[in-house]
Structures are given as C-alpha cells and as structure tokens.
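Novice: File name start-v1.txt; file contents compact mmCIF, C-alpha atoms; full text below.
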```txt
# COMPACT_ATOMS: atom_id res chain seq x y z
CA MET A 376 -60.82 22.13 38.21
CA GLN A 377 -61.01 18.54 37.01
CA MET A 378 -58.29 17.55 34.56
CA ASP A 379 -59.53 16.50 31.10
CA CYS A 380 -58.31 13.46 29.17
CA GLN A 381 -55.96 15.41 26.93
CA ALA A 382 -54.20 17.03 29.87
CA ALA A 383 -54.06 13.66 31.64
CA ARG A 384 -52.51 11.96 28.63
CA ASP A 385 -49.88 14.67 28.39
CA ASP A 386 -48.81 13.83 31.96
CA ILE A 387 -49.12 10.05 32.04
CA ASP A 388 -45.61 9.21 30.85
CA ALA A 389 -44.04 11.72 33.21
CA TYR A 390 -46.11 10.25 36.05
CA ALA A 391 -44.94 6.74 35.16
CA ILE A 392 -41.28 7.69 35.58
CA GLY A 393 -41.90 9.78 38.69
CA ALA A 394 -41.32 13.15 37.05
CA LEU A 395 -44.50 14.93 38.20
CA ASP A 396 -44.44 17.02 41.33
CA ALA A 397 -46.85 16.12 44.13
CA GLU A 398 -49.59 18.51 43.07
CA GLU A 399 -49.54 17.38 39.43
CA ALA A 400 -49.54 13.73 40.50
CA LEU A 401 -52.58 14.24 42.74
CA ALA A 402 -54.51 15.92 39.93
CA LEU A 403 -53.69 13.10 37.53
CA GLU A 404 -54.61 10.42 40.06
CA ALA A 405 -58.00 12.07 40.61
CA HIS A 406 -58.64 11.89 36.86
CA LEU A 407 -57.44 8.28 36.61
CA ARG A 408 -59.88 7.16 39.29
CA ALA A 409 -62.72 8.28 37.06
CA CYS A 410 -61.35 7.36 33.61
CA ASP A 411 -60.78 3.76 32.55
CA ASP A 412 -59.32 4.73 29.17
CA CYS A 413 -56.60 6.86 30.73
CA SER A 414 -55.98 4.21 33.38
CA ALA A 415 -55.33 1.68 30.62
CA LEU A 416 -52.84 4.09 29.07
CA LEU A 417 -51.14 4.44 32.42
CA ASP A 418 -50.68 0.66 32.65
CA ARG A 419 -48.84 0.71 29.32
CA ALA A 420 -46.75 3.66 30.43
CA LEU A 421 -45.85 1.92 33.70
CA ASP A 422 -44.72 -1.18 31.81
CA ALA A 423 -42.42 0.90 29.63
CA ALA A 424 -41.16 2.86 32.63
CA ALA A 425 -40.35 -0.32 34.53
CA SER A 426 -38.29 -1.48 31.55
CA LEU A 427 -36.02 1.52 32.01
CA ALA A 428 -34.45 -0.23 34.98
CA LEU A 429 -33.00 -2.75 32.54
CA SER A 430 -30.95 -0.03 30.83
CA ALA A 431 -28.69 0.26 33.89
CA PRO A 432 -25.19 -1.16 33.32
CA LEU A 433 -25.13 -4.62 34.80
CA VAL A 434 -22.66 -4.88 37.66
CA ALA A 435 -22.03 -7.95 39.80
CA GLY A 436 -23.00 -7.41 43.42
CA GLY A 437 -20.38 -9.94 44.50
CA GLY A 438 -20.23 -12.91 46.80
CA ALA A 439 -19.89 -10.85 49.98
CA LEU A 440 -23.15 -9.02 49.30
CA ARG A 441 -24.87 -12.30 48.49
CA ALA A 442 -23.66 -13.88 51.72
CA ARG A 443 -24.74 -10.81 53.68
CA VAL A 444 -28.25 -10.78 52.22
CA LEU A 445 -28.76 -14.51 52.67
CA ALA A 446 -27.38 -14.42 56.21
CA SER A 447 -29.66 -11.52 57.11
CA ALA A 448 -32.68 -13.37 55.74
CA ALA A 449 -31.73 -16.39 57.79
CA VAL A 450 -31.34 -14.19 60.85
CA LEU A 451 -34.77 -12.68 60.26
CA SER A 452 -36.47 -16.03 59.78
CA GLY A 453 -38.05 -17.78 62.70
CA GLY A 454 -41.14 -19.45 64.04
CA PRO A 455 -44.57 -18.37 62.84
CA PRO A 456 -45.94 -15.56 65.00
CA SER A 457 -49.41 -17.08 64.85
CA ALA A 458 -48.35 -20.12 66.89
CA PRO A 459 -49.44 -18.71 70.28
CA ARG A 460 -52.95 -18.16 68.89
CA TRP A 461 -52.95 -21.74 67.66
CA TRP A 462 -52.00 -22.88 71.12
CA GLY A 463 -54.82 -20.86 72.63
CA ALA A 464 -57.41 -22.42 70.33
CA ALA A 465 -56.05 -25.91 70.88
CA ALA A 466 -55.97 -25.50 74.63
CA ALA A 467 -59.56 -24.22 74.66
CA ALA A 468 -60.70 -27.20 72.62
CA LEU A 469 -58.94 -29.59 74.95
CA ILE A 470 -60.53 -27.98 77.99
CA MET A 471 -64.00 -28.38 76.46
CA LEU A 472 -63.35 -32.04 75.76
CA SER A 473 -62.18 -32.67 79.28
CA ALA A 474 -65.45 -31.37 80.70
CA GLY A 475 -67.39 -34.06 78.79
CA ALA A 476 -65.03 -36.93 79.30
CA MET A 477 -63.44 -37.09 82.72
CA ALA A 478 -61.66 -40.29 81.83
CA TRP A 479 -59.58 -38.27 79.45
CA SER A 480 -58.67 -35.65 81.98
CA GLY A 481 -55.23 -37.01 82.78
CA TYR A 482 -54.36 -37.32 79.14
CA LEU A 483 -55.74 -33.89 78.41
CA GLN A 484 -53.83 -32.37 81.28
CA LYS A 485 -50.66 -33.82 79.85
CA ARG A 486 -51.53 -32.42 76.43
CA VAL A 487 -52.17 -28.99 77.90
CA ASN A 488 -48.85 -29.17 79.70
CA ASP A 489 -47.16 -30.19 76.48
CA LEU A 490 -48.83 -27.32 74.65
CA GLU A 491 -47.83 -24.89 77.36
CA ARG A 492 -44.26 -26.02 77.03
CA ALA A 493 -44.54 -25.73 73.25
CA ASN A 494 -45.97 -22.28 73.70
CA ASP A 495 -43.06 -21.35 75.95
CA ARG A 496 -40.67 -22.50 73.25
CA VAL A 497 -42.53 -20.50 70.62
CA GLN A 498 -42.49 -17.43 72.87
CA ALA A 499 -38.77 -17.91 73.48
CA SER A 500 -38.19 -18.32 69.76
CA ALA A 501 -40.21 -15.18 69.03
CA ALA A 502 -38.20 -13.30 71.66
CA ALA A 503 -34.95 -14.56 70.12
CA GLN A 504 -36.19 -13.52 66.71
CA ASP A 505 -36.97 -10.06 68.04
CA GLU A 506 -33.41 -9.85 69.34
CA LEU A 507 -32.04 -10.83 65.94
CA VAL A 508 -34.22 -8.32 64.12
CA ASP A 509 -33.18 -5.70 66.62
CA ILE A 510 -29.50 -6.33 65.91
CA ALA A 511 -29.98 -6.40 62.14
CA LEU A 512 -31.76 -3.04 62.22
CA GLN A 513 -29.27 -1.20 64.44
CA PRO A 514 -27.97 1.91 62.64
CA ASP A 515 -24.34 0.98 63.35
CA VAL A 516 -24.70 -2.68 62.41
CA ALA A 517 -21.54 -4.13 60.89
CA ARG A 518 -21.37 -7.29 58.88
CA VAL A 519 -18.73 -9.82 57.97
CA THR A 520 -18.83 -12.97 55.89
CA MET A 521 -17.35 -16.14 57.34
CA ASN A 522 -15.84 -18.85 55.18
CA GLY A 523 -15.52 -22.58 55.74
CA ALA A 524 -12.23 -23.88 57.09
CA GLY A 525 -10.52 -27.12 58.15
CA PRO A 526 -12.96 -30.03 58.15
CA ALA A 527 -15.83 -27.84 56.83
CA PRO A 528 -14.52 -26.23 53.62
CA SER A 529 -18.02 -25.80 52.15
CA ALA A 530 -19.49 -24.14 55.25
CA SER A 531 -20.39 -20.46 55.16
CA GLY A 532 -21.75 -17.89 57.53
CA GLY A 533 -22.30 -14.29 58.37
CA TYR A 534 -21.97 -12.30 61.54
CA LEU A 535 -23.87 -9.08 62.23
CA TRP A 536 -22.99 -7.00 65.23
CA SER A 537 -23.68 -3.65 66.73
CA PRO A 538 -20.50 -2.16 68.25
CA ALA A 539 -22.54 0.36 70.22
CA ARG A 540 -24.82 -2.22 71.82
CA GLU A 541 -22.13 -4.91 71.91
CA VAL A 542 -24.48 -7.58 70.62
CA GLY A 543 -24.26 -9.73 67.54
CA ALA A 544 -25.90 -12.53 65.61
CA LEU A 545 -24.14 -15.39 63.87
CA VAL A 546 -25.77 -17.40 61.11
CA ALA A 547 -23.98 -20.49 59.81
CA SER A 548 -24.81 -23.05 57.18
CA GLY A 549 -23.18 -26.11 55.70
CA LEU A 550 -21.63 -27.18 59.01
CA PRO A 551 -21.19 -30.94 59.52
CA PRO A 552 -23.19 -32.69 62.24
CA LEU A 553 -21.54 -32.78 65.64
CA ALA A 554 -20.55 -35.93 67.48
CA GLU A 555 -22.24 -36.53 70.80
CA GLY A 556 -20.75 -34.38 73.53
CA GLN A 557 -19.63 -31.65 71.14
CA SER A 558 -20.86 -28.15 70.30
CA TYR A 559 -19.79 -25.36 68.04
CA GLN A 560 -18.31 -22.35 69.81
CA MET A 561 -17.92 -18.87 68.38
CA TRP A 562 -14.87 -16.78 69.22
CA ILE A 563 -14.31 -13.05 69.04
CA VAL A 564 -10.61 -12.52 68.54
CA TYR A 565 -9.02 -9.42 70.01
CA LYS A 566 -5.38 -8.44 69.80
CA ASP A 567 -4.42 -10.16 73.02
CA ARG A 568 -7.15 -12.72 73.69
CA TRP A 569 -10.00 -14.82 72.38
CA VAL A 570 -13.43 -14.20 73.92
CA SER A 571 -16.16 -16.82 73.65
CA GLY A 572 -19.34 -15.62 71.94
CA GLY A 573 -21.23 -18.71 73.11
CA THR A 574 -22.03 -22.18 71.83
CA PHE A 575 -24.58 -23.52 69.40
CA THR A 576 -25.57 -26.66 67.55
CA VAL A 577 -26.84 -27.18 64.03
CA ASP A 578 -29.95 -28.78 62.60
CA ALA A 579 -30.02 -31.70 60.18
CA SER A 580 -29.32 -29.31 57.29
CA GLY A 581 -26.21 -27.92 58.94
CA HIS A 582 -27.80 -24.55 59.81
CA GLY A 583 -27.10 -22.89 63.13
CA ARG A 584 -27.72 -19.52 64.79
CA LEU A 585 -26.32 -17.75 67.81
CA VAL A 586 -27.10 -14.46 69.50
CA VAL A 587 -24.02 -12.98 71.17
CA LYS A 588 -24.81 -10.90 74.25
CA PRO A 589 -22.71 -8.06 75.70
CA ASP A 590 -21.21 -10.20 78.45
CA ASP A 591 -20.16 -12.78 75.88
CA ALA A 592 -18.68 -10.24 73.51
CA GLY A 593 -16.00 -8.92 75.81
CA LYS A 594 -17.69 -5.79 77.07
CA ALA A 595 -14.56 -4.59 78.84
CA ASP A 596 -12.58 -4.47 75.63
CA SER A 597 -12.20 -0.99 74.25
CA ALA A 598 -10.31 -2.11 71.13
CA PRO A 599 -12.41 -3.50 68.28
CA PRO A 600 -12.24 -7.22 67.45
CA LEU A 601 -9.76 -8.34 64.82
CA TRP A 602 -11.68 -11.29 63.41
CA PHE A 603 -14.23 -13.99 64.29
CA CYS A 604 -14.24 -17.77 64.06
CA VAL A 605 -16.09 -20.94 65.06
CA THR A 606 -14.42 -24.04 66.44
CA VAL A 607 -15.60 -27.48 67.53
CA GLU A 608 -15.48 -27.80 71.31
CA PRO A 609 -16.84 -30.07 74.07
CA ALA A 610 -20.56 -29.53 74.75
CA GLY A 611 -21.04 -26.40 76.82
CA GLY A 612 -17.95 -24.77 75.39
CA SER A 613 -14.32 -24.34 76.40
CA ALA A 614 -12.57 -21.56 78.25
CA LYS A 615 -9.93 -21.66 75.54
CA HIS A 616 -10.28 -22.92 71.99
CA THR A 617 -9.15 -26.50 71.58
CA GLY A 618 -10.84 -27.98 68.52
CA ALA A 619 -10.77 -27.61 64.76
CA MET A 620 -11.72 -24.27 63.24
CA VAL A 621 -14.72 -24.64 60.88
CA LEU A 622 -15.57 -21.00 60.10
CA ARG A 623 -13.41 -17.91 59.98
CA SER A 624 -13.91 -14.30 58.97
CA PRO A 625 -11.32 -12.21 57.21
CA ASN A 626 -9.51 -9.62 59.32
CA ILE A 627 -11.79 -6.70 60.12
CA MET B 799 -34.89 -30.05 44.85
CA ASP B 800 -33.66 -27.95 41.94
CA TYR B 801 -35.02 -24.41 42.33
CA THR B 802 -33.33 -23.01 39.24
CA GLY B 803 -36.08 -24.35 36.97
CA LEU B 804 -38.93 -22.81 38.96
CA ARG B 805 -40.72 -19.71 37.70
CA ASP B 806 -40.51 -16.50 39.72
CA GLU B 807 -44.10 -16.84 40.82
CA GLU B 808 -43.47 -20.38 42.07
CA LEU B 809 -40.47 -19.20 44.04
CA MET B 810 -42.54 -16.38 45.56
CA GLU B 811 -45.22 -18.86 46.55
CA ARG B 812 -42.54 -20.88 48.35
CA LEU B 813 -41.21 -17.70 49.92
CA SER B 814 -44.57 -17.14 51.57
CA ARG B 815 -43.94 -20.49 53.31
CA ARG B 816 -40.57 -19.19 54.58
CA ASP B 817 -38.51 -21.31 52.17
CA LEU B 818 -34.99 -19.91 52.45
CA GLU B 819 -33.77 -21.87 49.43
CA ALA B 820 -36.43 -20.18 47.27
CA PHE B 821 -35.20 -16.83 48.55
CA GLN B 822 -31.66 -17.81 47.66
CA ALA B 823 -32.76 -18.81 44.16
CA LEU B 824 -34.49 -15.44 43.67
CA TYR B 825 -31.42 -13.59 44.88
CA ASP B 826 -29.18 -15.59 42.53
CA ARG B 827 -31.54 -14.75 39.68
CA TYR B 828 -31.99 -11.03 40.29
CA GLY B 829 -29.50 -9.87 42.94
CA ASP B 830 -27.11 -8.38 40.39
CA LEU B 831 -29.95 -6.62 38.58
CA VAL B 832 -31.23 -5.01 41.76
CA TYR B 833 -27.70 -4.00 42.75
CA SER B 834 -27.08 -2.54 39.28
CA VAL B 835 -30.26 -0.44 39.32
CA SER B 836 -29.47 0.83 42.77
CA LEU B 837 -25.88 1.63 41.87
CA ARG B 838 -27.08 3.54 38.79
CA VAL B 839 -29.34 5.65 41.02
CA VAL B 840 -27.20 6.24 44.10
CA GLY B 841 -23.73 6.10 42.48
CA ASP B 842 -22.14 4.62 45.60
CA THR B 843 -21.29 0.93 45.98
CA HIS B 844 -21.79 0.79 49.76
CA VAL B 845 -25.16 2.50 49.62
CA ALA B 846 -26.18 0.31 46.66
CA GLN B 847 -25.29 -2.78 48.70
CA ASP B 848 -27.38 -1.54 51.62
CA VAL B 849 -30.32 -0.84 49.32
CA THR B 850 -30.01 -4.26 47.68
CA GLN B 851 -30.07 -5.93 51.07
CA ASP B 852 -33.04 -3.86 52.14
CA VAL B 853 -34.99 -4.66 48.96
CA PHE B 854 -34.48 -8.39 49.28
CA LEU B 855 -35.22 -8.42 53.00
CA ARG B 856 -38.50 -6.64 52.27
CA VAL B 857 -39.32 -9.39 49.78
CA TRP B 858 -38.38 -12.00 52.37
CA ARG B 859 -40.44 -10.43 55.15
CA ARG B 860 -43.44 -9.33 53.09
CA PRO B 861 -43.77 -11.59 50.00
CA GLU B 862 -47.49 -10.80 49.92
CA LEU B 863 -46.64 -7.29 48.70
CA PHE B 864 -46.12 -8.78 45.24
CA ASP B 865 -49.47 -8.95 43.46
CA LEU B 866 -49.37 -11.54 40.71
CA THR B 867 -52.34 -9.96 38.96
CA ARG B 868 -50.47 -6.70 38.45
CA GLY B 869 -47.60 -7.96 36.33
CA LYS B 870 -44.29 -9.79 36.25
CA PHE B 871 -42.27 -10.30 39.39
CA VAL B 872 -39.06 -8.87 37.96
CA THR B 873 -40.87 -5.70 36.88
CA TRP B 874 -42.23 -5.25 40.39
CA LEU B 875 -38.88 -6.07 42.01
CA LEU B 876 -36.96 -3.55 39.92
CA SER B 877 -39.59 -0.90 40.60
CA VAL B 878 -39.14 -1.51 44.32
CA ALA B 879 -35.37 -1.27 43.85
CA ARG B 880 -35.61 1.96 41.88
CA ASN B 881 -38.03 3.58 44.31
CA ARG B 882 -36.04 2.52 47.36
CA SER B 883 -32.85 3.84 45.71
CA ILE B 884 -34.48 7.17 44.91
CA ASP B 885 -35.60 7.45 48.55
CA GLU B 886 -32.05 6.74 49.69
CA ARG B 887 -30.63 9.24 47.21
CA ARG B 888 -32.96 11.93 48.48
CA SER B 889 -32.37 11.13 52.15
CA GLN B 890 -28.60 11.13 51.78
CA GLY B 891 -28.59 14.29 49.67
CA ARG B 892 -25.15 15.71 49.11
CA ARG B 893 -23.38 12.95 50.98
CA LEU B 894 -23.65 10.78 47.88
CA ARG B 895 -21.43 11.27 44.87
CA HIS B 896 -24.00 11.90 42.15
CA GLU B 897 -21.72 11.01 39.30
CA ALA B 898 -24.49 8.89 37.77
CA LEU B 899 -26.48 12.02 36.88
CA PRO B 900 -25.47 13.59 33.59
CA SER B 901 -26.19 17.26 33.00
CA THR B 902 -25.60 17.40 29.26
CA ALA B 903 -26.50 15.20 26.32
CA GLU B 904 -22.77 14.52 25.82
CA GLU B 905 -22.39 13.26 29.38
CA GLU B 906 -25.48 11.17 28.92
CA ASP B 907 -24.01 9.71 25.73
CA ALA B 908 -20.91 8.73 27.68
CA ILE B 909 -23.08 6.90 30.21
CA ALA B 910 -25.11 5.31 27.45
CA SER B 911 -21.96 3.95 25.80
CA ARG B 912 -20.77 2.70 29.17
CA ASP B 913 -24.08 0.84 29.42
CA GLU B 914 -22.79 -1.53 26.78
CA ARG B 915 -19.95 -2.57 29.08
CA ASP B 916 -21.68 -4.97 31.40
CA ASP B 917 -19.69 -7.00 33.83
CA PRO B 918 -19.01 -10.14 31.71
CA ALA B 919 -19.62 -12.34 34.74
CA VAL B 920 -23.28 -11.37 34.86
CA ALA B 921 -23.98 -10.18 31.31
CA THR B 922 -26.35 -13.04 30.52
CA VAL B 923 -29.00 -11.94 33.05
CA LEU B 924 -32.14 -11.08 31.07
CA SER B 925 -29.84 -10.27 28.17
CA ASP B 926 -32.55 -10.20 25.49
CA GLU B 927 -34.78 -7.90 27.48
CA ARG B 928 -31.94 -5.56 28.38
CA ARG B 929 -30.75 -5.42 24.78
CA ALA B 930 -34.25 -4.50 23.63
CA VAL B 931 -34.53 -1.68 26.14
CA ARG B 932 -31.15 -0.30 25.17
CA ARG B 933 -32.06 -0.39 21.49
CA ALA B 934 -35.28 1.43 22.27
CA MET B 935 -33.31 4.04 24.21
CA ASP B 936 -30.66 4.32 21.49
CA VAL B 937 -33.17 5.50 18.89
CA LEU B 938 -34.15 8.48 21.05
CA PRO B 939 -32.63 11.89 20.42
CA PRO B 940 -30.01 12.50 23.15
CA GLU B 941 -31.96 15.33 24.76
CA GLN B 942 -35.07 13.14 25.15
CA ARG B 943 -33.00 10.30 26.56
CA LEU B 944 -31.31 12.68 28.98
CA ALA B 945 -34.60 14.02 30.32
CA ILE B 946 -35.91 10.49 30.86
CA GLN B 947 -32.71 9.36 32.58
CA LEU B 948 -32.72 12.36 34.89
CA ALA B 949 -36.27 11.59 35.94
CA TYR B 950 -36.02 7.83 36.24
CA PHE B 951 -32.52 7.36 37.66
CA GLY B 952 -32.07 10.82 39.14
CA GLY B 953 -35.48 11.10 40.76
CA LEU B 954 -35.94 14.64 39.45
CA THR B 955 -39.28 16.20 38.60
CA GLN B 956 -39.83 17.90 35.26
CA GLN B 957 -39.41 21.30 36.93
CA GLU B 958 -36.14 20.20 38.56
CA ILE B 959 -34.89 18.89 35.22
CA ALA B 960 -35.80 22.19 33.56
CA ASN B 961 -33.88 24.07 36.25
CA LYS B 962 -30.89 21.76 35.99
CA LEU B 963 -30.68 21.99 32.20
CA GLY B 964 -31.68 25.65 31.94
CA GLN B 965 -34.51 24.74 29.58
CA PRO B 966 -38.16 25.88 29.59
CA LEU B 967 -40.48 23.55 31.53
CA GLY B 968 -42.61 23.00 28.43
CA THR B 969 -39.57 21.80 26.50
CA VAL B 970 -38.72 19.25 29.17
CA LYS B 971 -42.31 18.01 29.28
CA THR B 972 -42.32 17.55 25.52
CA ARG B 973 -39.01 15.71 25.57
CA ILE B 974 -40.20 13.27 28.22
CA ARG B 975 -43.55 12.70 26.56
CA LEU B 976 -42.15 12.12 23.06
CA GLY B 977 -39.23 10.05 24.34
CA MET B 978 -41.45 7.75 26.38
CA GLN B 979 -43.92 7.39 23.53
CA LYS B 980 -41.15 6.30 21.15
CA MET B 981 -39.64 3.94 23.66
CA ARG B 982 -42.99 2.40 24.49
CA ALA B 983 -43.79 1.92 20.81
CA ALA B 984 -40.43 0.24 20.18
CA LEU B 985 -40.87 -2.14 23.13
CA GLU B 986 -44.46 -2.98 22.23
CA GLU B 987 -43.44 -3.62 18.61
CA ARG B 988 -40.74 -6.00 19.77
CA HIS B 989 -43.18 -7.72 22.09
CA ALA B 990 -45.70 -8.12 19.25
CA GLU B 991 -42.99 -9.64 17.05
CA GLY B 992 -41.94 -11.97 19.85
CA THR B 993 -45.47 -13.23 20.39
CA GLY B 994 -46.25 -13.46 16.70
CA ASN B 995 -49.09 -10.93 16.89
```
Represent the supplied structure as structure tokens.

Specialist:
Amino acid sequence: MQMDCQAARDDIDAYAIGALDAEEALALEAHLRACDDCSALLDRALDAAASLALSAPLVAGGGALRARVLASAAVLSGGPPSAPRWWGAAAAALIMLSAGAMAWSGYLQKRVNDLERANDRVQASAAAQDELVDIALQPDVARVTMNGAGPAPSASGGYLWSPAREVGALVASGLPPLAEGQSYQMWIVYKDRWVSGGTFTVDASGHGRLVVKPDDAGKADSAPPLWFCVTVEPAGGSAKHTGAMVLRSPNI
Amino acid sequence: MDYTGLRDEELMERLSRRDLEAFQALYDRYGDLVYSVSLRVVGDTHVAQDVTQDVFLRVWRRPELFDLTRGKFVTWLLSVARNRSIDERRSQGRRLRHEALPSTAEEEDAIASRDERDDPAVATVLSDERRAVRRAMDVLPPEQRLAIQLAYFGGLTQQEIANKLGQPLGTVKTRIRLGMQKMRAALEERHAEGTGN
C-alpha cells in the first residue's frame, strides 16, 4: 500500500540520519518520488542531519596522515586517459590531409611518427599509473612518511609498499634540481645491507616518482626492511650509496 | 598562487583539472574534520586514518561526484565520510572497539561533555558552525540525543536502537523525530538570524 504524507513525514528525519531499515526506506523513497512537498521536507532534514557530523569532537589527524594522503594522491595522479583517443583523432586527420597534399607527406609522416611516439609515452605512463594504483590498493599495503635531510631539509615524501608482492612506490616533493650527470637513488635499508630501489629525477617543481619492482627491492631478503632513504648519486645510480642523503624515513 | 583564499567550489573546479595543490588545500581545510567524524564512528585511530585517506582519494579520483547544485561541499564531504565510516564499522564488526557508542543517557552525556574538548591545535576549524550544532544538540533531552547519536554515529536502525536500549520501537521513533525536529528548528533559527531574515 502506498504510504501517505503523514506516515512519510513521521519517517523523514529517521531516513535522513540512516535509521530506517531497508524496507521502510524503500517505502518512503517511493512516496518521495511522487510528492514534492515531502521531498522538500526531506531536503531540510538532510541539511540538519549533515550538520550532526560537526558535533564530533575535533581531533587532529596529524602530519603523518596528511603526508600519506597527499603522497597517495600524487601516486594516483598521472596522464589523462583520453590521450590515446586524441592521438587517434589527430592521426586520422593528418592522414586525410596527406591524401590531398602530397607535398606535405614527408612532414605529415614525421608528425604521425611523433604522435606515435607520444602515444607510446602516454601508454607507458598509463601502464605506470596502473602499477601505482595497483600497489596503493593492495590489502597489505604499508606506508611510511619520508622527511627532508641534508641539503634538502624542506623535501618530503611517502613510500607505499606491498610486502607480499615486494613492490613499492615512492613519491617525493620539494627536492632540489639535480646537476647534470646526477640522479636521485632510493635505498631500502636492511640489517646488513642497502639495496637500491632504483633511480629517478624530478621535474621543475621538485616532484619525483619511482616504482620499485621485486628485483630492486631485495627479493631474497626474508627480513623486513629497517628504513628507506634517497641519496644523490651519479646518473644511472651507484652500487653503493656515495652522495648526500636528501630523504629518510623513520625506522620501521 | 595562494589557494587558501579560494572557495571550496573553486578548489573542486581545479581538482577536476588534476591540480594537486588544490587537493592539498582542501585536505588542509577539512582533513581534521573528516578524520574526527570517522574516529567518532569507528572508534579506532588506524581505521579512521584509512577511512580519511579513502574519502580524500575518492574526491581526488572522482571530483565530479560532488554536485554543486545539491548543497555545500563540506556538507557533502562529511556525509561521504560518515557513510564510508559506517560501512567500515559494519564490515569490521566486532574487530573494532565500539567505545564511541553509548548505551545509556549518562554515557552519552559523558561523550557530549567530551565533545567540548577539541584538540586546541585544530579547534578553529568551522568553529561557529560546530558551536551552533552543539548548542542545538545540548537543548535536546538526553534520551532524544542518545537515539540520534546511535543512529547517526552508530549506524543503527530504529529497531536496533530499540533492542539495544530495551525500549519500545515507537518510543525510539518518537525520540528521533522530536529530537531532529528541535535540532532542525534551532539550526534554521540561527541561520535566519545570521542572514538577517
């Protein structure tokens, strides 16, 4: 039987704070779809219900949580997924032009090649992004905040890793630009040795990212890592750390 | 560019263009609020941190989920935080310490008085709005406030509240309805005063 307005109004506040069971909620929603007056009352009730969240005691989430959230967002960011479609449209347009203007064919061929290379980069970026998302969403994912050190006191970073899959993702920001012939190198520090996690560079804003693969992360080690850091090394990385440390995590 | 002066809606518009600094500004503005709501629901700092991260990453990945025509950003964000926290509370069941859920009006009073003890480091966040809500809650009889808290922060239905408190279902329904009506009236009166209507 269809609910009448009086019965609906008796339930609206409970609905707004999620206190109706599923059957009651369905009955009310059916009434609301047909009754503008009761729908307007629901909007008021929802506003009041949303305000209830503000009655929670305010507690600081802390700097570590902030760094973790911002690092995860940076990890999840990447190139626009629509780029390959853009390339397809552009390439099609170029091909049509070439048919009508043979003199342009060499130029157009170069453009297509450029676009194909750009598309390859976009595809690689999308694949890298998928890897990062995959790591961030692993059920055993662990996280640690990294703080600036040595010549980069204002740098910060975060490292996410999955112990089960032995992969990780580093996100760094505030790192100074590198001199020519240098790269940043991440290290995974175990009790008896340092294992390279790979090298990376930073953009003009000092942001850098690195995906650490199983082979990089010291797959043979059964003991967990003690801490992580980033140092400045010659381009391509060093077998053993030699340069200044710019990021370091606390002990795990 | 200084993002601190931008409105929430402007920050969200920038978020849709993958502006990480806008995301950072939104987190700095509301991260503690989201964490606080989640902690109130789940009662566990680690779970509350996970929920907070999840809420903000949803905003980052799907900013289009916020519909400007349906209200203020902070209202939407806190609703997402509350709903996500309730889901987590239900999925984790007994593994969580449910100390946030009072079972008597006296226990609820203790929580209500604790509500006044915000972390001083973050107490200025939406302070006027939070004060108004607390005043509106304070004028409610304890049993009405308790029923509302159990539903909103505990995720319980009216029937579950009745079972928990050993009260007739009709009594619980009345408490929630009257309590919400009073709270809504108090908030709308304050709003009317604030806008000069």

Novice: Go through chain A residue by residue and, counting only C-alpha atoms, keep those with an atom at most 8 Å from chain B; for each kept residue give the shortest atom pair and its distance in Å to one decimal, ordered by chain and increasing number, as CSV.

Specialist:
```
residue,atom,partner,partner_atom,distance
A:Asp385,CA,B:Arg975,CA,6.9
A:Asp386,CA,B:Arg975,CA,7.6
A:Asp388,CA,B:Arg975,CA,5.9
A:Ala389,CA,B:Ile974,CA,6.5
A:Ile392,CA,B:Tyr950,CA,5.3
A:Gly393,CA,B:Ala949,CA,6.5
A:Ala394,CA,B:Thr955,CA,4.0
A:Leu395,CA,B:Thr955,CA,5.4
A:Asp396,CA,B:Thr955,CA,5.9
A:Arg419,CA,B:Arg982,CA,7.8
A:Ala420,CA,B:Arg982,CA,7.1
A:Asp422,CA,B:Thr873,CA,7.8
A:Ala423,CA,B:Arg982,CA,5.4
A:Ala424,CA,B:Met978,CA,7.9
A:Ala425,CA,B:Thr873,CA,5.9
A:Ser426,CA,B:Val931,CA,6.6
A:Leu427,CA,B:Val931,CA,6.8
A:Ala428,CA,B:Val835,CA,6.0
A:Leu429,CA,B:Arg928,CA,5.1
A:Ser430,CA,B:Arg932,CA,5.7
A:Ala431,CA,B:Val835,CA,5.7
A:Pro432,CA,B:Asp913,CA,4.5
A:Leu433,CA,B:Asp916,CA,4.9
A:Val434,CA,B:Ser834,CA,5.3
A:Ala435,CA,B:Asp830,CA,5.1
A:Gly436,CA,B:Asp830,CA,5.2
A:Leu440,CA,B:Gln847,CA,6.6
A:Arg441,CA,B:Tyr825,CA,7.6
A:Arg443,CA,B:Gln851,CA,7.7
A:Val444,CA,B:Gln851,CA,5.3
A:Leu445,CA,B:Gln822,CA,6.7
A:Ser447,CA,B:Leu855,CA,7.6
A:Ala448,CA,B:Leu855,CA,6.2
A:Ala449,CA,B:Leu818,CA,7.2
A:Leu451,CA,B:Arg859,CA,8.0
A:Ser452,CA,B:Arg816,CA,7.3
```

Novice: Could you please determine the separation between atom CA of Glu608 of chain A and atom CA of Gly572 of chain A in Å, to one decimal place?

Specialist: 12.8 Å

Novice: Pro625 of chain A: which residues within 10 Å, counting all atoms listed in the file, same-chain residues fewer than 3 positions away excluded, as a ChimeraX atom specification?

Specialist: /A:519-522,601-604

Novice: Work out how far atom CA of Leu417 of chain A is from atom CA of Arg943 of chain B, in Å to one decimal.

Specialist: 19.9 Å

Novice: Rounded to one decimal, what separation in Å do you get between atom CA of Cys380 of chain A and atom CA of Leu963 of chain B?

Specialist: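 Atom CA of Leu963 of chain B lies 29.1 Å from atom CA of Cys380 of chain A.
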
Novice: Need to verify the contact set: Val577 of chain A, 8 Å, only C-alpha atoms, exclusion of same-chain residues closer than 5 positions in sequence. Can you return it as a tab-separated table (two decimals) with C-alpha atoms, keeping the file's coordinate frame?

Specialist:
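Just written: result_30.tsv:
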```tsv
chain	number	residue	atom	x	y	z
A	550	LEU	CA	-21.63	-27.18	59.01
A	552	PRO	CA	-23.19	-32.69	62.24
A	553	LEU	CA	-21.54	-32.78	65.64
A	582	HIS	CA	-27.80	-24.55	59.81
A	583	GLY	CA	-27.10	-22.89	63.13
A	584	ARG	CA	-27.72	-19.52	64.79
```

Novice: Just the residues within 8 Å of segment 524-526 of chain A, please, counting all atoms listed in the file, with nothing from its chain fewer than 6 positions along; format it as a PDB file with C-alpha atoms, keeping the file's coordinate frame.

Specialist:
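Saved the output as part_23.pdb:
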```pdb
ATOM      1  CA  ALA A 619     -10.770 -27.610  64.760  1.00  0.00           C
ATOM      2  CA  MET A 620     -11.720 -24.270  63.240  1.00  0.00           C
ATOM      3  CA  VAL A 621     -14.720 -24.640  60.880  1.00  0.00           C
ATOM      4  CA  LEU A 622     -15.570 -21.000  60.100  1.00  0.00           C
ATOM      5  CA  ARG A 623     -13.410 -17.910  59.980  1.00  0.00           C
TER       6      ARG A 623
END
```

Novice: Given all atoms listed in the file as the basis, pick out the residue of B:Asp885, B:Lys980, B:Glu987, B:Gly803 nearest to Leu938 of chain B.

Specialist: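 Comparing B:Asp885, B:Lys980, B:Glu987, B:Gly803 against Leu938 of chain B, the winner is B:Lys980.
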
Novice: Excluding Pro538 of chain A and residues on its chain fewer than 5 positions from it, collect all residues at most 8 Å away from it, counting all atoms listed in the file, and give them as JSON, numbers by chain.

Specialist: {"A": [515, 516, 517]}

Novice: Considering all atoms listed in the file, return as a ChimeraX atom specification whatever protein or nucleic-acid residues lie within 10 Å of Trp569 of chain A, sequence-local ones (same chain, fewer than 3 positions apart) excluded.

Specialist: /A:561-566,572,592-593,600-604,614-616
